[in-house]
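Peer 1: Coordinates in model_30.cif, mmCIF, C-alpha atoms, are listed below.
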```cif
data_run
#
loop_
_atom_site.label_atom_id
_atom_site.label_comp_id
_atom_site.auth_asym_id
_atom_site.auth_seq_id
_atom_site.Cartn_x
_atom_site.Cartn_y
_atom_site.Cartn_z
CA ASP A 534 91.48 139.05 117.82
CA LEU A 535 89.72 135.72 118.25
CA CYS A 536 86.16 134.56 117.60
CA VAL A 537 84.62 131.51 119.33
CA TYR A 538 81.73 129.73 117.64
CA GLY A 539 79.57 127.09 119.27
CA TYR A 540 76.37 125.97 120.96
CA PRO A 541 76.77 126.70 124.67
CA ALA A 542 74.11 125.31 127.00
CA GLN A 543 71.68 128.17 127.66
CA TYR A 544 68.87 126.33 129.36
CA ASP A 545 67.91 122.80 130.32
CA GLY A 546 66.29 121.91 126.99
CA ASP A 547 66.64 119.25 124.36
CA TYR A 548 69.47 119.22 121.85
CA ALA A 549 67.17 119.58 118.84
CA THR A 550 66.00 122.96 120.11
CA MET A 551 69.47 124.04 121.16
CA LEU A 552 70.97 123.25 117.74
CA LYS A 553 68.10 124.93 115.94
CA ASP A 554 68.73 128.56 116.70
CA MET A 555 71.06 129.03 119.64
CA SER A 556 74.53 129.10 118.15
CA THR A 557 76.69 131.96 119.44
CA LEU A 558 79.70 134.03 118.43
CA THR A 559 81.86 135.55 121.15
CA PHE A 560 84.88 137.77 120.61
CA GLY A 561 88.05 138.42 122.55
CA LYS A 562 91.82 138.77 122.49
CA LEU A 563 94.60 136.21 122.42
CA SER A 564 95.95 136.99 125.87
CA GLY A 565 98.76 134.47 126.18
CA TYR A 566 99.68 130.78 126.34
CA ASP A 567 99.30 128.19 129.07
CA TYR A 568 101.73 125.30 129.47
CA VAL A 569 100.66 124.25 132.95
CA PHE A 570 97.58 122.20 132.07
CA ASN A 571 99.01 121.00 128.78
CA LYS A 572 102.81 120.79 128.86
CA ASP A 573 103.10 119.10 125.44
CA TYR A 574 101.73 121.77 123.12
CA GLY A 575 100.03 124.30 125.40
CA TYR A 576 96.71 126.12 125.36
CA ILE A 577 95.90 129.49 123.84
CA LYS A 578 94.44 131.82 126.48
CA THR A 579 91.63 134.21 125.57
CA ASP A 580 89.14 136.52 127.27
CA ALA A 581 86.47 135.54 124.72
CA SER A 582 83.51 133.97 126.51
CA ILE A 583 83.58 130.15 126.59
CA ASN A 584 80.78 128.31 128.35
CA GLY A 585 79.62 124.76 128.90
CA GLY A 586 78.69 123.29 125.54
CA ASN A 587 81.26 125.36 123.63
CA SER A 588 83.82 122.57 123.87
CA GLY A 589 84.86 121.31 120.46
CA GLY A 590 83.74 124.44 118.67
CA PRO A 591 86.13 126.21 116.27
CA VAL A 592 88.06 129.34 117.22
CA PHE A 593 88.90 131.73 114.38
CA ASN A 594 91.44 134.50 114.10
CA GLU A 595 90.78 137.83 112.38
CA THR A 596 91.60 136.35 108.95
CA ASN A 597 88.90 133.68 109.40
CA LYS A 598 91.47 130.91 109.83
CA ILE A 599 90.74 128.24 112.44
CA VAL A 600 93.52 128.46 115.03
CA GLY A 601 92.11 126.17 117.70
CA ILE A 602 89.24 124.41 119.41
CA ALA A 603 87.34 125.73 122.44
CA THR A 604 88.38 123.44 125.28
CA ALA A 605 87.84 124.78 128.81
CA VAL A 606 87.51 127.85 131.02
CA GLY A 607 89.19 128.66 134.33
CA VAL A 608 86.70 128.44 137.21
CA LYS A 609 88.34 131.19 139.23
CA THR A 610 89.93 133.30 136.51
CA GLY A 611 87.29 132.96 133.79
CA ILE A 612 90.09 132.75 131.23
CA GLY A 613 89.18 130.64 128.20
CA LEU A 614 91.55 127.85 127.12
CA VAL A 615 91.77 126.98 123.44
CA GLY A 616 93.49 123.85 122.19
CA GLY A 617 95.75 125.01 119.35
CA ILE A 618 94.90 123.43 116.01
CA ASN A 619 98.37 121.86 115.93
CA GLY A 620 97.28 119.81 118.92
CA MET A 621 95.22 117.88 116.41
CA TYR A 622 98.53 116.31 115.45
CA TYR A 623 98.38 114.21 118.60
CA VAL A 624 94.85 113.11 117.78
CA CYS A 625 95.62 111.95 114.26
CA ALA A 626 99.28 110.91 114.63
CA PRO A 627 98.42 107.21 115.14
CA LYS A 628 96.40 107.34 111.91
CA SER A 629 99.00 107.96 109.22
CA ASP A 630 96.39 108.11 106.47
CA ILE A 631 94.58 110.95 108.25
CA LEU A 632 97.85 112.72 109.03
CA THR A 633 98.87 112.56 105.38
CA LYS A 634 95.58 114.16 104.32
CA LEU A 635 95.65 116.94 106.91
CA GLN A 636 99.24 118.12 106.46
CA PRO A 637 98.66 119.56 102.96
CA LYS A 638 95.63 121.39 104.40
CA GLY A 639 97.83 123.30 106.84
CA LEU A 640 98.32 120.99 109.84
CA THR A 641 101.85 121.58 111.10
CA ILE A 642 103.80 119.53 113.58
CA PRO A 643 104.49 120.74 117.15
CA LYS A 644 108.14 121.30 117.96
CA ASN A 645 108.45 118.31 120.29
CA ALA A 646 106.16 115.95 118.38
CA GLY A 647 108.93 113.55 117.42
CA SER A 648 109.81 112.92 121.08
CA ILE A 649 106.29 111.83 122.01
CA ASN A 650 105.00 108.35 121.27
CA THR A 651 101.34 108.93 120.49
CA ILE A 652 99.43 105.64 120.58
CA LEU A 653 95.80 104.70 120.38
CA GLY A 654 94.14 103.93 123.68
CA ASP A 655 91.92 100.96 124.38
CA ARG A 656 88.16 101.36 124.25
CA LEU A 657 86.83 100.87 127.77
CA PRO A 658 83.29 101.03 129.18
CA ILE A 659 82.30 104.34 130.76
CA LYS A 660 82.56 104.10 134.55
CA THR A 661 79.67 104.98 136.82
CA ALA A 662 79.94 107.80 139.36
CA SER A 663 80.40 105.33 142.21
CA GLU A 664 83.16 103.52 140.33
CA LEU A 665 84.93 106.79 139.67
CA ASN A 666 84.61 107.98 143.25
CA GLY A 667 85.97 104.73 144.59
CA TYR A 668 88.68 104.28 142.00
CA GLY A 669 91.39 106.04 143.97
CA ASN A 670 90.91 103.65 146.91
CA SER A 671 90.78 100.51 144.83
CA SER A 672 93.21 97.83 145.96
CA ASN A 673 93.61 96.81 142.31
CA ASN A 674 95.03 100.15 141.25
CA ASN A 675 98.70 99.19 141.47
CA ASN A 676 100.00 100.59 138.19
CA ASN A 677 102.31 103.47 139.01
CA ASN A 678 103.80 103.80 135.55
CA SER A 679 103.10 107.20 134.06
CA GLY A 680 105.15 106.75 130.89
CA ASN A 681 103.85 105.66 127.51
CA ASN A 682 106.63 103.20 126.60
CA ASN A 683 105.19 99.87 125.50
CA ASN A 684 107.71 98.06 127.65
CA ASN A 685 106.14 99.56 130.78
CA ASN A 686 102.66 98.22 130.11
CA SER A 687 102.20 94.52 130.81
CA SER A 688 98.73 94.52 129.21
CA ASP A 689 100.08 95.83 125.91
CA PRO A 690 100.46 93.11 123.24
CA TYR A 691 103.73 94.76 122.19
CA ALA A 692 105.18 95.18 125.69
CA LYS A 693 108.18 92.98 124.82
CA SER A 694 108.66 94.26 121.29
CA GLN A 695 111.80 95.75 119.83
CA VAL A 696 112.58 97.41 116.51
CA TYR A 697 116.15 97.79 115.31
CA CYS A 698 118.22 98.38 112.20
CA THR A 699 120.46 95.74 110.65
CA LEU A 700 122.48 95.32 107.46
CA ASP A 701 121.62 91.67 106.96
CA VAL A 702 118.72 89.45 107.99
CA LYS A 703 119.47 85.92 109.21
CA SER A 704 117.42 82.84 108.40
CA ASP A 705 115.45 83.22 111.65
CA GLY A 706 114.38 86.76 110.69
CA THR A 707 116.69 88.54 113.14
CA GLY A 708 119.94 90.42 112.54
CA ASP A 709 122.88 92.14 114.21
CA LYS A 710 121.82 95.55 115.45
CA VAL A 711 123.54 98.63 113.98
CA GLU A 712 123.12 102.21 115.11
CA SER A 713 124.90 103.97 112.25
CA LEU A 714 125.01 103.58 108.47
CA ILE A 715 127.13 104.94 105.64
CA VAL A 716 124.95 105.75 102.63
CA SER A 717 125.51 107.15 99.16
CA SER A 718 123.63 110.17 97.85
CA SER A 719 121.95 107.88 95.32
CA GLY A 720 120.50 105.87 98.19
CA SER A 721 121.48 102.89 100.33
CA TYR A 722 119.17 100.50 102.08
CA ALA A 723 119.10 98.67 105.37
CA TYR A 724 116.64 96.38 107.09
CA PHE A 725 114.49 97.03 110.16
CA VAL A 726 113.62 94.02 112.26
CA VAL A 727 110.33 94.06 114.16
CA ASP A 728 110.56 91.45 116.92
CA ASN A 729 107.72 90.71 119.34
CA TYR A 730 108.96 87.34 120.63
CA PRO A 731 107.46 85.37 122.34
CA ASN A 732 104.16 86.99 121.34
CA ASN A 733 102.74 87.07 117.82
CA LEU A 734 102.68 90.39 115.99
CA ASN A 735 98.99 89.79 115.16
CA THR A 736 98.98 92.00 112.08
CA ASP A 737 99.23 91.47 108.34
CA GLY A 738 100.69 94.89 107.70
CA LEU A 739 102.95 97.61 109.10
CA ILE A 740 102.73 101.40 108.98
CA VAL A 741 106.09 103.13 109.34
CA ASP A 742 106.57 106.84 110.08
CA VAL A 743 110.10 108.16 109.50
CA TRP A 744 111.33 111.30 111.28
CA LYS A 745 114.62 113.17 111.07
CA LYS A 746 116.23 115.06 113.94
CA ALA A 747 116.02 118.82 113.51
CA SER A 748 118.60 121.41 114.57
CA SER A 749 116.63 121.79 117.81
CA GLY A 750 117.64 118.25 118.77
CA SER A 751 114.13 116.82 118.52
CA TYR A 752 112.79 114.45 115.88
CA THR A 753 110.35 116.93 114.35
CA ASP A 754 111.20 116.81 110.63
CA PHE A 755 108.67 114.41 109.12
CA VAL A 756 110.17 112.45 106.19
CA GLU A 757 107.46 110.06 105.00
CA THR A 758 105.02 107.28 105.82
CA LYS A 759 105.50 103.82 104.31
CA GLU A 760 103.15 100.84 104.45
CA PHE A 761 104.22 97.21 104.17
CA ASP A 762 102.04 94.16 103.61
CA LEU A 763 103.15 91.13 105.63
CA GLY A 764 100.69 88.44 104.65
CA SER A 765 99.02 86.01 107.03
CA SER A 766 102.05 83.82 107.80
CA VAL A 767 103.92 86.31 110.02
CA THR A 768 104.24 85.17 113.63
CA THR A 769 106.58 86.82 116.15
CA THR A 770 109.15 88.49 113.93
CA THR A 771 109.33 90.24 110.56
CA TYR A 772 111.43 92.83 108.78
CA PHE A 773 111.19 95.48 106.07
CA LYS A 774 113.71 97.24 103.86
CA TYR A 775 114.15 101.00 103.85
CA SER A 776 116.44 103.29 101.82
CA PHE A 777 118.23 106.39 103.13
CA TYR A 778 119.49 109.20 100.89
CA THR A 779 120.76 111.85 103.30
CA ALA A 780 122.95 112.12 106.37
CA GLY A 781 121.33 112.66 109.75
CA ASP A 782 119.72 111.09 112.78
CA PHE A 783 116.48 109.22 112.10
CA LYS A 784 113.65 107.84 114.19
CA VAL A 785 111.60 105.04 112.65
CA MET A 786 108.21 104.55 114.35
CA VAL A 787 106.46 101.26 113.58
CA TYR A 788 102.70 100.66 113.95
CA ASN A 789 100.54 97.65 113.20
CA LYS A 790 97.93 97.81 110.43
CA ASN A 791 95.39 99.24 112.90
CA SER A 792 97.78 102.10 113.78
CA LYS A 793 98.72 100.72 117.19
CA TRP A 794 102.29 101.66 118.04
CA ILE A 795 104.66 98.70 118.25
CA ASN A 796 108.02 100.34 118.93
CA SER A 797 110.64 102.68 117.48
CA ALA A 798 114.20 102.42 116.20
CA TYR A 799 116.92 105.04 115.97
CA VAL A 800 119.74 105.16 113.43
CA SER A 801 122.33 107.72 112.29
CA THR A 802 123.48 107.99 108.67
CA SER A 803 126.50 109.63 107.04
CA LEU A 804 127.26 110.11 103.35
CA SER A 805 130.05 108.12 101.71
CA GLY A 806 130.66 110.78 99.07
CA ASN A 807 129.81 108.33 96.30
CA SER A 808 127.10 109.76 94.10
CA GLY A 809 126.45 106.39 92.45
CA ASN A 810 125.44 105.50 88.89
CA ASN A 811 122.52 107.43 87.48
CA ASN A 812 121.11 104.23 86.03
CA SER A 813 122.41 101.93 88.75
CA GLY A 814 121.33 98.34 89.15
CA GLY A 815 120.82 96.42 92.35
CA SER A 816 122.82 93.49 93.69
CA GLY A 817 122.60 89.73 93.30
CA ALA A 818 119.93 88.80 90.77
CA TYR A 819 119.70 92.46 89.67
CA SER A 820 123.41 93.31 89.48
CA GLY A 821 123.07 93.79 85.72
CA ALA A 822 119.76 95.66 85.80
CA LYS A 823 119.34 99.07 84.22
CA CYS A 824 116.62 101.73 84.46
CA PHE A 825 116.38 104.66 82.06
CA TRP A 826 113.88 107.17 80.68
CA THR A 827 112.59 107.53 77.14
CA VAL A 828 109.72 109.26 75.36
CA ASP A 829 109.26 106.51 72.74
CA VAL A 830 109.03 102.73 73.29
CA ASP A 831 107.77 101.75 69.84
CA ASN A 832 111.11 100.15 68.94
CA LEU A 833 112.00 98.80 72.40
CA LYS A 834 113.38 95.26 72.19
CA GLY A 835 113.45 92.45 74.72
CA ASP A 836 117.13 93.03 75.43
CA GLY A 837 116.46 96.64 76.48
CA THR A 838 117.81 98.21 73.28
CA GLY A 839 115.93 100.07 70.55
CA ALA A 840 114.66 102.93 72.73
CA GLU A 841 116.70 106.13 72.96
CA GLU A 842 117.57 107.18 76.50
CA ASP A 843 116.38 110.68 77.43
CA LYS A 844 118.09 112.37 80.36
CA SER A 845 115.68 115.31 80.17
CA ILE A 846 111.99 115.50 79.29
CA ILE A 847 110.01 118.51 78.09
CA ILE A 848 106.43 118.72 79.38
CA SER A 849 103.48 121.02 78.74
CA ALA A 850 101.81 123.20 81.36
CA ASN A 851 99.10 120.53 81.71
CA GLY A 852 101.60 117.71 82.20
CA SER A 853 103.09 115.08 79.89
CA TYR A 854 104.09 111.45 80.21
CA ALA A 855 107.24 109.47 79.51
CA TYR A 856 108.38 105.87 79.93
CA LEU A 857 110.72 104.33 82.50
CA VAL A 858 112.39 101.27 80.99
CA VAL A 859 113.45 98.51 83.38
CA THR A 860 115.65 95.74 81.97
CA ASN A 861 117.52 92.84 83.55
CA TYR A 862 118.60 91.26 80.26
CA PRO A 863 119.81 88.53 79.77
CA SER A 864 118.14 87.43 83.02
CA THR A 865 114.42 87.74 83.65
CA LEU A 866 113.02 90.32 86.05
CA GLN A 867 111.87 87.45 88.29
CA THR A 868 108.79 89.26 89.54
CA LEU A 869 105.11 89.69 88.79
CA GLY A 870 105.08 93.31 89.84
CA LEU A 871 107.11 96.48 90.33
CA ILE A 872 107.09 98.95 93.21
CA VAL A 873 108.34 102.39 92.19
CA ASP A 874 109.23 105.13 94.69
CA VAL A 875 109.24 108.61 93.14
CA TYR A 876 111.47 111.34 94.59
CA LYS A 877 111.98 114.99 93.64
CA GLN A 878 115.02 117.08 94.49
CA ASP A 879 114.30 119.97 96.85
CA GLY A 880 116.06 123.31 97.18
CA SER A 881 118.79 121.87 99.40
CA GLY A 882 119.65 119.15 96.90
CA ASN A 883 117.99 116.31 98.81
CA TYR A 884 115.48 113.96 97.22
CA THR A 885 112.12 114.00 99.00
CA MET A 886 109.34 111.46 98.50
CA VAL A 887 106.58 112.28 96.02
CA GLU A 888 104.64 109.02 95.85
CA THR A 889 104.82 105.24 95.51
CA LYS A 890 103.33 103.47 92.48
CA GLU A 891 102.74 99.75 91.93
CA TYR A 892 102.53 97.94 88.59
CA ASP A 893 101.58 94.38 87.66
CA LEU A 894 103.78 92.41 85.23
CA SER A 895 103.51 89.24 83.20
CA SER A 896 105.83 86.37 84.10
CA GLY A 897 109.12 85.74 82.32
CA LEU A 898 109.82 89.32 81.21
CA LYS A 899 113.43 90.43 80.79
CA THR A 900 112.54 94.00 79.90
CA THR A 901 109.48 96.11 80.61
CA TYR A 902 108.46 99.75 80.93
CA ILE A 903 106.04 101.88 82.91
CA LYS A 904 104.24 105.01 81.83
CA TYR A 905 104.42 107.95 84.21
CA SER A 906 102.99 111.48 83.98
CA PHE A 907 104.89 114.57 85.14
CA TYR A 908 103.18 117.83 86.07
CA ASN A 909 106.03 119.81 87.65
CA LYS A 910 109.54 120.59 86.53
CA GLY A 911 112.54 119.48 88.53
CA GLU A 912 115.10 116.73 89.12
CA TYR A 913 113.48 113.34 89.70
CA LYS A 914 114.73 110.01 90.96
CA PHE A 915 112.91 106.70 90.66
CA GLN A 916 113.76 103.72 92.90
CA VAL A 917 112.48 100.45 91.40
CA TYR A 918 111.84 97.30 93.48
CA ASN A 919 110.38 93.92 92.66
CA LYS A 920 107.11 92.80 94.24
CA ASP A 921 109.03 91.45 97.28
CA GLN A 922 110.71 94.86 97.76
CA LYS A 923 114.12 93.75 96.50
CA PHE A 924 115.93 96.70 94.91
CA ILE A 925 116.25 96.48 91.11
CA GLY A 926 117.68 99.86 90.15
CA SER A 927 117.37 103.64 89.96
CA GLY A 928 116.48 106.02 87.14
CA TYR A 929 117.07 109.77 87.04
CA VAL A 930 115.53 112.40 84.79
CA THR A 931 115.34 116.19 84.50
CA VAL A 932 111.88 117.58 83.72
CA LYS A 933 111.45 121.00 82.10
CA PHE A 934 108.46 123.01 80.93
CA LYS A 935 108.01 123.68 77.23
CA SER A 936 109.16 127.23 76.50
#
```
Spit out the file's structure as structure tokens when you get a sec.

Peer 2:
Amino acid sequence: DLCVYGYPAQYDGDYATMLKDMSTLTFGKLSGYDYVFNKDYGYIKTDASINGGNSGGPVFNETNKIVGIATAVGVKTGIGLVGGINGMYYVCAPKSDILTKLQPKGLTIPKNAGSINTILGDRLPIKTASELNGYGNSSNNNNNNSGNNNNNNSSDPYAKSQVYCTLDVKSDGTGDKVESLIVSSSGSYAYFVVDNYPNNLNTDGLIVDVWKKASSGSYTDFVETKEFDLGSSVTTTTYFKYSFYTAGDFKVMVYNKNSKWINSAYVSTSLSGNSGNNNSGGSGAYSGAKCFWTVDVDNLKGDGTGAEEDKSIIISANGSYAYLVVTNYPSTLQTLGLIVDVYKQDGSGNYTMVETKEYDLSSGLKTTYIKYSFYNKGEYKFQVYNKDQKFIGSGYVTVKFKS
């Protein structure tokens, strides 16, 4: 059973009067699905009455859950068409911040969402009736492209863009493209080049949505959204670093800071079988770095000693905090800030993203620590980067509730 709520036009009056006391509730059955008018995610069909003015109103099921939005009605059949609530994914997909907020509230992803590049359209003036009627005969209407690939749209600022994965970035900001990676279960990183030559990227930040291919063959398993600050000096090309922890096929969708789609990259990963060091350091300047957990930093020294390492932490039902020690002794940490990615092991043994935290540091430190609060039990992994996103090291800890 479905219930349609709204303010259908009942007479030729003003909106103030209509909104005052003329809301309606109509009831009907879910009578099927329509994939003719909307091949991407379909319409729900119902015999509940939908009239002009109902559009945009919520449609509830018998448990009072919103399942869709009143959209249209068949002129000849009288069948009501309801846009399923999951269709909202396509509305908010270009806005990763909105998508992140709505998913915990119950928004799920359509089965073929990962194969559709949803991009923001350009704001254009509303055409007059005469312009609309004459549009089909316009001699200027020569664009026959029906796809939504940036490379097919000459007016798009990212029409010539490309995004690809590489293991090393050259001095000019480019790299040799790779389509497959071997990663360890403790995480391995690669770089993604975003190249818009000869045009400027015209953004001081990137929003990156990462998807994993599901068993259905479509990229519908959402992994996470990452944001990267670029600064004002970026011109035609930039890159960012990203770490993989599991095997699979991934799609990396890159947007500018205003959520306009730039382009996407595809890469396959396989596990090397090397589980890595639980307190592993990075490479180069951080080859000797170490990250570990402790519940007491009162006796922590500048060389990273003095604090007892705790591989497991006991927390209360209301949550408890502990300290993650980061040391690069005898070298300095060479950064004024830390970026910490927090992961938690899921039921299948994979580490899934919890959150990213950023911390400011004083200059010249060889050892430091951060305070972090836990509220749930489980196996946690912390990836630590410097302010320029260079990997420093990883720290692992088991969190248990006090018995």

Peer 1: Spell out the residues picked by the PyMOL selection byres ((chain A and resi 775-782) around 6) here, as a list in words.

Peer 2: Ser718, Gly720, Ser721, Tyr722, Ala723, Lys745, Lys746, Lys774, Phe783, Val800, Ser801, Thr802, Ser803 and Leu804 of chain A

Peer 1: So which residues touch range 851-855 of chain A within 10 Å, counting all atoms listed in the file, skipping near sequence neighbours fewer than 3 positions away, as a list in words?

Peer 2: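 Surrounding residues, per the criterion: Trp826, Thr827, Val828, Asp829, Val830, Asp843, Ile846, Ile847, Ile848, Val858, Tyr902, Ile903, Lys904, Tyr905, Ser906, Phe907, Tyr908, Asn909, Lys910, Val932 and Phe934 of chain A.
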
Peer 1: Determine the nearest neighbour of Asn733 in chain A from the options A:Thr579, A:Ser694, A:Asn594, A:Asn861, counting only C-alpha atoms.

Peer 2: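 Looking only at the distances to Asn733 in chain A, the closest residue turns out to be A:Ser694.
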
Peer 1: Measuring between all atoms listed in the file, which one of A:Lys759, A:Lys693, A:Lys609, A:Lys890 shows the shortest distance to Val787 in chain A?

Peer 2: A:Lys759

Peer 1: Quote the spacing between CA of Pro591 in chain A and CA of Asp567 in chain A in Å to one decimal place.

Peer 2: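 Going from CA of Pro591 in chain A over to CA of Asp567 in chain A covers 18.5 Å.
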
Peer 1: Any idea what the distance is between CA of Tyr918 in chain A and CA of Phe773 in chain A?

Peer 2: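 Calculated distance between CA of Tyr918 in chain A and CA of Phe773 in chain A is 12.7 Å.
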
Peer 1: Apply the PyMOL selection byres ((chain A and resi 757) around 10) to the structure shown and report the selected residues as number ranges by chain.

Peer 2: A: 629, 633, 741-745, 754-756, 758-759, 885-888
